[in-house]
>>> print(open('model-v3.pdb').read())   # PDB, C-alpha atoms, pLDDT in the B column
ATOM      1  CA  MET A   1      22.648 -24.062   8.200  1.00 64.00           C
ATOM      2  CA  ASN A   2      21.822 -24.835  11.843  1.00 78.00           C
ATOM      3  CA  ALA A   3      19.649 -27.716  12.983  1.00 83.00           C
ATOM      4  CA  THR A   4      16.671 -25.482  13.821  1.00 84.00           C
ATOM      5  CA  THR A   5      16.609 -23.969  10.347  1.00 84.00           C
ATOM      6  CA  GLU A   6      17.016 -27.368   8.729  1.00 87.00           C
ATOM      7  CA  SER A   7      14.154 -28.775  10.814  1.00 88.00           C
ATOM      8  CA  LYS A   8      11.897 -26.024   9.431  1.00 90.00           C
ATOM      9  CA  LEU A   9      13.168 -26.412   5.895  1.00 92.00           C
ATOM     10  CA  LYS A  10      12.576 -30.167   5.734  1.00 93.00           C
ATOM     11  CA  PRO A  11       8.747 -30.077   5.937  1.00 94.00           C
ATOM     12  CA  LEU A  12       8.677 -27.128   3.538  1.00 95.00           C
ATOM     13  CA  ARG A  13      10.667 -29.172   1.023  1.00 95.00           C
ATOM     14  CA  ALA A  14       8.217 -32.059   1.449  1.00 96.00           C
ATOM     15  CA  ASN A  15       5.256 -29.734   1.082  1.00 97.00           C
ATOM     16  CA  TYR A  16       6.707 -28.193  -2.080  1.00 97.00           C
ATOM     17  CA  ASN A  17       7.249 -31.688  -3.459  1.00 97.00           C
ATOM     18  CA  GLN A  18       3.626 -32.554  -2.674  1.00 96.00           C
ATOM     19  CA  VAL A  19       2.321 -29.490  -4.527  1.00 96.00           C
ATOM     20  CA  ARG A  20       4.776 -29.419  -7.448  1.00 96.00           C
ATOM     21  CA  GLY A  21       5.689 -33.058  -7.795  1.00 96.00           C
ATOM     22  CA  TYR A  22       9.393 -32.489  -7.165  1.00 96.00           C
ATOM     23  CA  PRO A  23      11.386 -30.899  -4.324  1.00 95.00           C
ATOM     24  CA  PHE A  24      13.154 -27.559  -4.498  1.00 96.00           C
ATOM     25  CA  LYS A  25      16.963 -27.648  -4.574  1.00 95.00           C
ATOM     26  CA  HIS A  26      17.656 -24.953  -1.993  1.00 95.00           C
ATOM     27  CA  PHE A  27      14.552 -22.989  -0.960  1.00 96.00           C
ATOM     28  CA  PHE A  28      11.732 -21.682  -3.118  1.00 97.00           C
ATOM     29  CA  CYS A  29      11.199 -18.119  -1.868  1.00 97.00           C
ATOM     30  CA  PRO A  30       7.489 -17.147  -1.697  1.00 96.00           C
ATOM     31  CA  ILE A  31       8.453 -13.508  -2.299  1.00 97.00           C
ATOM     32  CA  LEU A  32      10.914 -13.735  -5.181  1.00 97.00           C
ATOM     33  CA  TRP A  33       9.507 -16.984  -6.579  1.00 97.00           C
ATOM     34  CA  LYS A  34      13.024 -18.317  -7.089  1.00 96.00           C
ATOM     35  CA  ASP A  35      14.937 -21.352  -5.885  1.00 97.00           C
ATOM     36  CA  GLU A  36      18.524 -20.151  -5.496  1.00 96.00           C
ATOM     37  CA  ASN A  37      21.540 -21.081  -3.421  1.00 95.00           C
ATOM     38  CA  VAL A  38      21.552 -18.068  -1.098  1.00 94.00           C
ATOM     39  CA  GLU A  39      21.879 -17.552   2.643  1.00 94.00           C
ATOM     40  CA  LEU A  40      18.688 -18.279   4.574  1.00 94.00           C
ATOM     41  CA  CYS A  41      17.520 -17.056   7.951  1.00 92.00           C
ATOM     42  CA  GLU A  42      14.844 -17.550  10.587  1.00 89.00           C
ATOM     43  CA  ALA A  43      12.380 -14.758   9.782  1.00 88.00           C
ATOM     44  CA  HIS A  44       9.834 -13.769  12.407  1.00 86.00           C
ATOM     45  CA  ILE A  45       6.466 -13.199  10.775  1.00 84.00           C
ATOM     46  CA  VAL A  46       5.741 -10.249  13.100  1.00 78.00           C
ATOM     47  CA  ASN A  47       8.703  -8.177  14.254  1.00 72.00           C
ATOM     48  CA  GLN A  48       9.635  -9.243  17.767  1.00 67.00           C
ATOM     49  CA  ALA A  49      10.207  -5.643  18.813  1.00 67.00           C
ATOM     50  CA  PHE A  50       6.433  -5.273  19.107  1.00 68.00           C
ATOM     51  CA  PRO A  51       5.239  -6.216  22.614  1.00 65.00           C
ATOM     52  CA  ASN A  52       3.407  -9.544  22.884  1.00 69.00           C
ATOM     53  CA  SER A  53       4.329 -10.548  19.328  1.00 73.00           C
ATOM     54  CA  ALA A  54       3.757 -14.196  18.479  1.00 75.00           C
ATOM     55  CA  PRO A  55       7.076 -16.067  18.226  1.00 82.00           C
ATOM     56  CA  ASP A  56       6.106 -17.710  14.926  1.00 85.00           C
ATOM     57  CA  TRP A  57       8.804 -17.685  12.287  1.00 89.00           C
ATOM     58  CA  THR A  58       9.464 -19.154   8.894  1.00 91.00           C
ATOM     59  CA  ILE A  59      12.369 -19.671   6.539  1.00 93.00           C
ATOM     60  CA  GLN A  60      13.257 -16.699   4.393  1.00 94.00           C
ATOM     61  CA  ARG A  61      16.078 -15.446   2.226  1.00 95.00           C
ATOM     62  CA  LYS A  62      18.349 -13.327   4.385  1.00 95.00           C
ATOM     63  CA  ASP A  63      18.753 -10.603   1.743  1.00 96.00           C
ATOM     64  CA  VAL A  64      14.988 -10.179   1.396  1.00 95.00           C
ATOM     65  CA  ASP A  65      14.321 -10.327   5.142  1.00 93.00           C
ATOM     66  CA  ASN A  66      17.060  -7.792   5.932  1.00 92.00           C
ATOM     67  CA  PHE A  67      15.850  -5.464   3.183  1.00 94.00           C
ATOM     68  CA  TYR A  68      12.293  -5.213   4.473  1.00 91.00           C
ATOM     69  CA  GLY A  69      13.378  -5.279   8.101  1.00 87.00           C
ATOM     70  CA  SER A  70      15.901  -2.442   7.870  1.00 85.00           C
ATOM     71  CA  ILE A  71      14.044  -0.243   5.383  1.00 85.00           C
ATOM     72  CA  PHE A  72      10.434  -0.544   6.524  1.00 84.00           C
ATOM     73  CA  GLU A  73       9.888  -2.488   9.746  1.00 77.00           C
ATOM     74  CA  GLU A  74      12.367  -0.312  11.633  1.00 73.00           C
ATOM     75  CA  ASP A  75      10.273   2.772  10.808  1.00 73.00           C
ATOM     76  CA  PHE A  76       6.960   0.989  11.418  1.00 71.00           C
ATOM     77  CA  LEU A  77       8.106   0.381  14.996  1.00 68.00           C
ATOM     78  CA  ALA A  78       7.608   4.113  15.554  1.00 66.00           C
ATOM     79  CA  PHE A  79       3.918   3.203  15.721  1.00 61.00           C
ATOM     80  CA  GLN A  80       4.607   2.037  19.267  1.00 61.00           C
ATOM     81  CA  TYR A  81       5.228   5.600  20.396  1.00 55.00           C
ATOM     82  CA  HIS A  82       2.378   6.794  22.597  1.00 53.00           C
ATOM     83  CA  GLU A  83       1.566   9.714  24.848  1.00 50.00           C
ATOM     84  CA  ASN A  84       3.049   8.346  28.059  1.00 51.00           C
ATOM     85  CA  HIS A  85       6.471   8.824  26.519  1.00 57.00           C
ATOM     86  CA  SER A  86       7.524  12.306  27.542  1.00 63.00           C
ATOM     87  CA  PRO A  87       8.780  14.628  24.805  1.00 65.00           C
ATOM     88  CA  GLY A  88      12.080  14.689  26.633  1.00 66.00           C
ATOM     89  CA  LYS A  89      12.481  10.943  26.240  1.00 69.00           C
ATOM     90  CA  THR A  90      12.242  11.198  22.454  1.00 73.00           C
ATOM     91  CA  VAL A  91      15.315  13.400  22.591  1.00 72.00           C
ATOM     92  CA  ILE A  92      17.224  11.455  25.271  1.00 68.00           C
ATOM     93  CA  ASP A  93      16.496   7.926  24.058  1.00 70.00           C
ATOM     94  CA  LYS A  94      18.823   7.281  21.110  1.00 72.00           C
ATOM     95  CA  ARG A  95      16.526   4.770  19.434  1.00 71.00           C
ATOM     96  CA  LEU A  96      13.446   6.983  19.774  1.00 72.00           C
ATOM     97  CA  SER A  97      15.391  10.037  18.648  1.00 75.00           C
ATOM     98  CA  ARG A  98      16.707   8.238  15.569  1.00 74.00           C
ATOM     99  CA  ARG A  99      13.296   6.776  14.804  1.00 72.00           C
ATOM    100  CA  LEU A 100      11.150   9.880  15.395  1.00 76.00           C
ATOM    101  CA  GLN A 101      13.624  12.721  14.771  1.00 80.00           C
ATOM    102  CA  PRO A 102      11.990  15.218  17.169  1.00 84.00           C
ATOM    103  CA  LYS A 103      12.176  18.922  16.319  1.00 87.00           C
ATOM    104  CA  ILE A 104      12.397  21.877  18.693  1.00 89.00           C
ATOM    105  CA  LEU A 105      10.244  24.763  17.493  1.00 91.00           C
ATOM    106  CA  LEU A 106      10.101  28.404  18.470  1.00 92.00           C
ATOM    107  CA  ASN A 107       6.965  30.101  17.143  1.00 93.00           C
ATOM    108  CA  ASP A 108       6.572  27.225  14.636  1.00 91.00           C
ATOM    109  CA  LYS A 109      10.131  27.671  13.333  1.00 93.00           C
ATOM    110  CA  PRO A 110      12.634  24.820  13.869  1.00 92.00           C
ATOM    111  CA  ILE A 111      15.681  25.523  16.022  1.00 92.00           C
ATOM    112  CA  ASP A 112      18.685  23.369  15.147  1.00 91.00           C
ATOM    113  CA  TYR A 113      20.279  21.559  18.053  1.00 88.00           C
ATOM    114  CA  PHE A 114      22.989  19.029  18.808  1.00 85.00           C
ATOM    115  CA  VAL A 115      23.916  16.723  21.665  1.00 82.00           C
ATOM    116  CA  ALA A 116      26.620  18.520  23.623  1.00 81.00           C
ATOM    117  CA  GLN A 117      29.690  16.340  24.047  1.00 77.00           C
ATOM    118  CA  ASN A 118      31.942  19.145  25.264  1.00 78.00           C
ATOM    119  CA  GLU A 119      31.540  22.795  26.206  1.00 84.00           C
ATOM    120  CA  ILE A 120      28.936  24.668  24.197  1.00 87.00           C
ATOM    121  CA  PRO A 121      30.163  27.728  22.267  1.00 89.00           C
ATOM    122  CA  ASN A 122      29.049  31.067  23.710  1.00 89.00           C
ATOM    123  CA  LYS A 123      26.968  31.807  20.610  1.00 93.00           C
ATOM    124  CA  TYR A 124      24.734  28.840  21.421  1.00 93.00           C
ATOM    125  CA  THR A 125      22.469  28.030  24.385  1.00 92.00           C
ATOM    126  CA  ARG A 126      22.713  25.009  26.651  1.00 90.00           C
ATOM    127  CA  LEU A 127      19.444  23.201  27.326  1.00 85.00           C
ATOM    128  CA  ASP A 128      19.261  20.214  29.674  1.00 83.00           C
ATOM    129  CA  PHE A 129      16.615  17.596  28.951  1.00 76.00           C
ATOM    130  CA  GLU A 130      15.683  15.402  31.915  1.00 74.00           C
ATOM    131  CA  HIS A 131      13.819  12.108  31.953  1.00 67.00           C
ATOM    132  CA  ASN A 132      13.693   9.658  34.868  1.00 70.00           C
ATOM    133  CA  GLY A 133      16.787  11.192  36.395  1.00 74.00           C
ATOM    134  CA  GLN A 134      18.740  11.059  33.137  1.00 74.00           C
ATOM    135  CA  ILE A 135      19.984  14.387  31.802  1.00 78.00           C
ATOM    136  CA  LEU A 136      20.960  15.045  28.215  1.00 77.00           C
ATOM    137  CA  PRO A 137      22.680  18.383  27.511  1.00 83.00           C
ATOM    138  CA  LEU A 138      21.743  19.929  24.192  1.00 85.00           C
ATOM    139  CA  GLY A 139      23.176  22.896  22.390  1.00 89.00           C
ATOM    140  CA  LEU A 140      20.494  25.083  20.824  1.00 92.00           C
ATOM    141  CA  LYS A 141      21.823  26.953  17.814  1.00 93.00           C
ATOM    142  CA  ILE A 142      20.414  30.240  19.045  1.00 93.00           C
ATOM    143  CA  PRO A 143      22.135  32.930  21.197  1.00 93.00           C
ATOM    144  CA  PRO A 144      21.330  32.865  24.947  1.00 92.00           C
ATOM    145  CA  GLU A 145      19.958  36.423  24.815  1.00 93.00           C
ATOM    146  CA  ASP A 146      17.422  35.366  22.162  1.00 93.00           C
ATOM    147  CA  VAL A 147      16.296  32.449  24.330  1.00 91.00           C
ATOM    148  CA  ILE A 148      15.817  34.788  27.315  1.00 92.00           C
ATOM    149  CA  ALA A 149      13.868  37.235  25.174  1.00 92.00           C
ATOM    150  CA  SER A 150      11.589  34.477  23.899  1.00 92.00           C
ATOM    151  CA  VAL A 151      10.982  32.671  27.200  1.00 88.00           C
ATOM    152  CA  ASN A 152       7.270  33.562  27.135  1.00 91.00           C
ATOM    153  CA  GLN A 153       6.828  32.734  23.490  1.00 93.00           C
ATOM    154  CA  ASN A 154       5.671  29.468  21.929  1.00 93.00           C
ATOM    155  CA  TRP A 155       8.270  26.717  22.451  1.00 89.00           C
ATOM    156  CA  GLU A 156       7.332  23.203  21.324  1.00 86.00           C
ATOM    157  CA  ILE A 157       8.757  19.781  20.654  1.00 83.00           C
ATOM    158  CA  LEU A 158       7.331  18.400  17.412  1.00 82.00           C
ATOM    159  CA  ILE A 159       7.168  14.623  17.090  1.00 77.00           C
ATOM    160  CA  SER A 160       5.976  13.647  13.637  1.00 74.00           C
ATOM    161  CA  LYS A 161       6.712  10.759  11.310  1.00 72.00           C
ATOM    162  CA  ASP A 162       5.083   9.553   8.106  1.00 75.00           C
ATOM    163  CA  ILE A 163       4.956   5.768   8.388  1.00 75.00           C
ATOM    164  CA  ARG A 164       2.435   5.093   5.624  1.00 79.00           C
ATOM    165  CA  VAL A 165       4.865   3.328   3.300  1.00 83.00           C
ATOM    166  CA  ALA A 166       6.539   1.481   6.176  1.00 83.00           C
ATOM    167  CA  ALA A 167       3.161   0.305   7.474  1.00 83.00           C
ATOM    168  CA  ILE A 168       1.913  -0.855   4.080  1.00 86.00           C
ATOM    169  CA  ALA A 169       5.083  -2.775   3.254  1.00 88.00           C
ATOM    170  CA  SER A 170       5.384  -4.334   6.721  1.00 87.00           C
ATOM    171  CA  LEU A 171       1.739  -5.402   6.902  1.00 88.00           C
ATOM    172  CA  ILE A 172       1.672  -6.853   3.381  1.00 93.00           C
ATOM    173  CA  LYS A 173       4.832  -8.846   4.116  1.00 92.00           C
ATOM    174  CA  ALA A 174       3.482 -10.069   7.463  1.00 90.00           C
ATOM    175  CA  ALA A 175       0.167 -11.115   5.894  1.00 93.00           C
ATOM    176  CA  HIS A 176       1.940 -12.888   3.041  1.00 95.00           C
ATOM    177  CA  LEU A 177       4.271 -14.828   5.348  1.00 93.00           C
ATOM    178  CA  THR A 178       1.391 -15.619   7.716  1.00 93.00           C
ATOM    179  CA  LEU A 179      -0.461 -17.398   4.914  1.00 94.00           C
ATOM    180  CA  PHE A 180       2.765 -19.119   3.885  1.00 95.00           C
ATOM    181  CA  GLU A 181       3.250 -20.377   7.450  1.00 93.00           C
ATOM    182  CA  MET A 182      -0.369 -21.502   7.768  1.00 93.00           C
ATOM    183  CA  VAL A 183      -1.010 -23.030   4.325  1.00 94.00           C
ATOM    184  CA  GLY A 184       2.462 -23.659   2.922  1.00 95.00           C
ATOM    185  CA  TYR A 185       3.081 -23.942  -0.807  1.00 97.00           C
ATOM    186  CA  GLN A 186      -0.593 -24.541  -1.536  1.00 97.00           C
ATOM    187  CA  TYR A 187      -0.801 -20.787  -0.979  1.00 96.00           C
ATOM    188  CA  ALA A 188       2.759 -19.784  -1.924  1.00 96.00           C
ATOM    189  CA  LEU A 189       2.402 -21.217  -5.449  1.00 97.00           C
ATOM    190  CA  SER A 190      -1.059 -19.760  -6.060  1.00 97.00           C
ATOM    191  CA  ALA A 191      -1.956 -16.864  -8.345  1.00 96.00           C
ATOM    192  CA  GLY A 192      -2.765 -14.683  -5.335  1.00 95.00           C
ATOM    193  CA  SER A 193       0.632 -15.370  -3.830  1.00 96.00           C
ATOM    194  CA  HIS A 194       2.340 -14.557  -7.119  1.00 97.00           C
ATOM    195  CA  PHE A 195       0.586 -11.190  -7.204  1.00 96.00           C
ATOM    196  CA  ILE A 196       1.320 -10.255  -3.578  1.00 96.00           C
ATOM    197  CA  GLY A 197       4.718 -11.908  -3.319  1.00 96.00           C
ATOM    198  CA  ARG A 198       6.442 -11.708  -6.681  1.00 96.00           C
ATOM    199  CA  GLU A 199       4.660  -8.770  -8.332  1.00 96.00           C
ATOM    200  CA  ILE A 200       4.450  -6.468  -5.299  1.00 95.00           C
ATOM    201  CA  LEU A 201       7.044  -7.409  -2.662  1.00 96.00           C
ATOM    202  CA  GLY A 202       9.455  -9.198  -4.967  1.00 96.00           C
ATOM    203  CA  GLU A 203       9.424  -6.592  -7.730  1.00 95.00           C
ATOM    204  CA  PHE A 204       9.941  -3.775  -5.226  1.00 95.00           C
ATOM    205  CA  PHE A 205      12.916  -5.667  -3.801  1.00 95.00           C
ATOM    206  CA  TYR A 206      14.485  -6.146  -7.241  1.00 95.00           C
ATOM    207  CA  GLN A 207      13.997  -2.477  -8.155  1.00 93.00           C
ATOM    208  CA  ASN A 208      15.405  -1.072  -4.922  1.00 94.00           C
ATOM    209  CA  TYR A 209      17.819  -3.537  -3.306  1.00 94.00           C
ATOM    210  CA  GLY A 210      21.150  -1.842  -2.610  1.00 92.00           C
ATOM    211  CA  LYS A 211      19.814   1.711  -2.921  1.00 92.00           C
ATOM    212  CA  LYS A 212      19.835   4.329  -0.179  1.00 92.00           C
ATOM    213  CA  LYS A 213      16.950   4.212   2.279  1.00 87.00           C
ATOM    214  CA  SER A 214      15.817   7.743   1.392  1.00 85.00           C
ATOM    215  CA  GLN A 215      15.569   6.757  -2.275  1.00 90.00           C
ATOM    216  CA  ILE A 216      13.623   3.613  -1.447  1.00 90.00           C
ATOM    217  CA  ILE A 217      11.116   5.439   0.771  1.00 86.00           C
ATOM    218  CA  ARG A 218      10.637   8.117  -1.887  1.00 86.00           C
ATOM    219  CA  ARG A 219      10.052   5.440  -4.515  1.00 86.00           C
ATOM    220  CA  GLY A 220       7.568   3.727  -2.215  1.00 83.00           C
ATOM    221  CA  LEU A 221       5.626   6.964  -1.771  1.00 80.00           C
ATOM    222  CA  GLU A 222       5.549   7.519  -5.528  1.00 81.00           C
ATOM    223  CA  GLN A 223       4.224   4.028  -6.172  1.00 77.00           C
ATOM    224  CA  SER A 224       1.602   4.264  -3.420  1.00 71.00           C
ATOM    225  CA  ASN A 225       0.299   7.465  -5.011  1.00 68.00           C
ATOM    226  CA  ASP A 226       0.125   5.996  -8.531  1.00 62.00           C
TER     227      ASP A 226
END
>>> encode(input="model-v3.pdb", output="structure tokens")
Amino acid sequence: MNATTESKLKPLRANYNQVRGYPFKHFFCPILWKDENVELCEAHIVNQAFPNSAPDWTIQRKDVDNFYGSIFEEDFLAFQYHENHSPGKTVIDKRLSRRLQPKILLNDKPIDYFVAQNEIPNKYTRLDFEHNGQILPLGLKIPPEDVIASVNQNWEILISKDIRVAAIASLIKAAHLTLFEMVGYQYALSAGSHFIGREILGEFFYQNYGKKKSQIIRRGLEQSND
């Protein structure tokens, strides 16, 4: 454990001792409500990928922080997309493309495409996307003659992403850790904290840790609709 982490952990241990009457051994997690010998990390309360985010951070279990960061906060960052990003950039920019998964539509029907690394087979059509002088060659899985015939038809780039579950999970976690940072274990050991931390965030972690992201998101949608 580095000196910065230890300097944050020391007052938390003292605060826990003040509330409980004895110190924790390792770190009492306000999400799992457990004191276990596991790897800890410096967890930013609000993801630093958001512009102008406060630098505030707290101690957290690395397994819990990585779980919520990789499964939910990564998708919630798609919220930053706004109209001054050209449709072409969502295809060219690898992070935006992975996050938003843009679709190319012809008359409301998706046309499969791929990033062209080599020559494009004759049965497919080359399409160059340009943004700020950067060109990304794509291969549309449609014959060139069909593209020519449909040049005056309805071509679109669809940018759509359901971030409801990602937003709910990210905001609940941020709110929970904000109160933990502000109030300490007076909040973290309260009934409200047990409900939000252990029963909601902690239970979801235990049920889904180690599963595929698609399974976790699907489970989150099912629970949010219950």
>>> resolve_selection(input="model-v3.pdb", expression="the PyMOL selection byres ((chain A and resi 125-127) around 6)", output="ChimeraX atom specification")
/A:124,128,137-140,143-144
>>> atom_distance(input="model-v3.pdb", atom1="CA of Lys109 in chain A", atom2="CA of Leu136 in chain A")
22.3 Å
>>> resolve_selection(input="model-v3.pdb", expression="the PyMOL selection byres ((chain A and resi 9) around 10)", output="number ranges by chain")
A: 3-8, 10-15, 26-27, 40, 58-60
>>> residues_near_point(input="model-v3.pdb", point="(16.7, -6.2, 2.0)", cutoff="12 Å", atoms="only C-alpha atoms", output="VMD selection string")
chain A and resid 31 to 32 60 to 73 201 to 202 204 to 213 216
>>> atom_distance(input="model-v3.pdb", atom1="CA of Gln101 in chain A", atom2="CA of Asn154 in chain A")
19.9 Å
